[in-house]
Structure formats: C-alpha cells, structure tokens
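S.K.: I'd like to ask you about the structure that follows.
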Amino acid sequence: MYKIIITYELFFLLFWNILYFSRSGVENWFTEKFLSALFVFLSTMALGFCLIYVIYISAKLSGFIDKIKTIKDPRKP
C-alpha cells in the first residue's frame with residue numbers, strides 16, 4: 001500500500017511541476033494567491049488518491065489482485 005501512495009505522490013509532484021513551469025500565468029497565480037494554490041494542490045492530490053484507492057478496492061473485490069499474485073515471476077528460476 002505504501003508503494004501506491006509513494007508512486008501517487010511522485011506522480012502528482014511531477015504533474016504540478018510540469019504545470020508550474022509550462023505556463024507563465026500559473027506562477028503568477030501561485031505567488032499572488034498562495035492559499036488558493038495550496039488548496040487546489042492538496043484537493044487535487046486528495047481526488048487522485050481517492051481515484052486510485054477506488055481502483056485498488058475494485059480490483060481487490062473482483063479478485064483481479066489475487067489472479068495477479070498467482071502469476072509466476074519469470075525472473076526467478
């Protein structure tokens with residue numbers, strides 16, 4: 001579970017860095033309205049976490065994760 005959270009955090013950090021450096025209007029918005037930007041950043045992360053968690057729970061309930069765990073690792077002899 002921690003791997004999913006860390007992957008999610010890195011993905012959204014990369015997403016926000018791309019967004020921040022790609023458009024000049026966004027950096028002005030960040031400096032002028034810092035609390036609004038912080039709220040949008042944190043709410044986007046929460047929305048993404050909920051989306052990933054719903055996908056994870058759906059896969060677990062449907063038995064898809066159990067099927068993946070039974071697949072033999074081709075790297076091990």
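Residues are referred to by chain and number: the chain letter is A, B, ... according to the order shown in the structure tokens, the number counts from 1 in that chain, and ligands are numbered separately from 1 in the order shown.
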Run DSSP on the backbone of this structure and report the residues of chain A it assigns to alpha helix (DSSP H), as a count of residues only.

M.R.: 65

S.K.: Just the number, please: distance in Å from atom CA of A:Tyr53 to atom CA of A:Tyr8, one decimal.

M.R.: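 Separation between atom CA of A:Tyr53 and atom CA of A:Tyr8: 10.4 Å.
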
S.K.: Can you list, as a PyMOL selection string, every protein, DNA or RNA residue that comes within 9 Å of stretch 2-6 of chain A when you count only C-alpha atoms, leaving out same-chain residues fewer than 5 positions away?

M.R.: chain A and resi 11+49+52

S.K.: Of the candidates A:Leu51, A:Phe41, A:Lys67, A:Ser62, which shows the shortest atom-to-atom distance to A:Leu13, using only C-alpha atoms?

M.R.: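 Selected residue with least distance to A:Leu13: A:Phe41.
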
S.K.: Near A:Phe12, counting only C-alpha atoms, which residues have an atom at most 9 Å away, once you skip same-chain residues fewer than 6 positions from it, shown as a list in words?

M.R.: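 So the residues in contact are Phe41, Thr44, Met45 and Gly48 of chain A.
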
S.K.: Create the file for the chosen residues now, containing C-alpha atoms and written as a PDB file, in the first residue's frame.

M.R.:
ATOM      1  CA  PHE A  41      -2.832  21.378  -4.925  1.00  0.00           C
ATOM      2  CA  THR A  44      -6.107  17.562  -6.460  1.00  0.00           C
ATOM      3  CA  MET A  45      -3.914  15.152  -4.520  1.00  0.00           C
ATOM      4  CA  GLY A  48      -6.245  11.463  -7.154  1.00  0.00           C
TER       5      GLY A  48
END
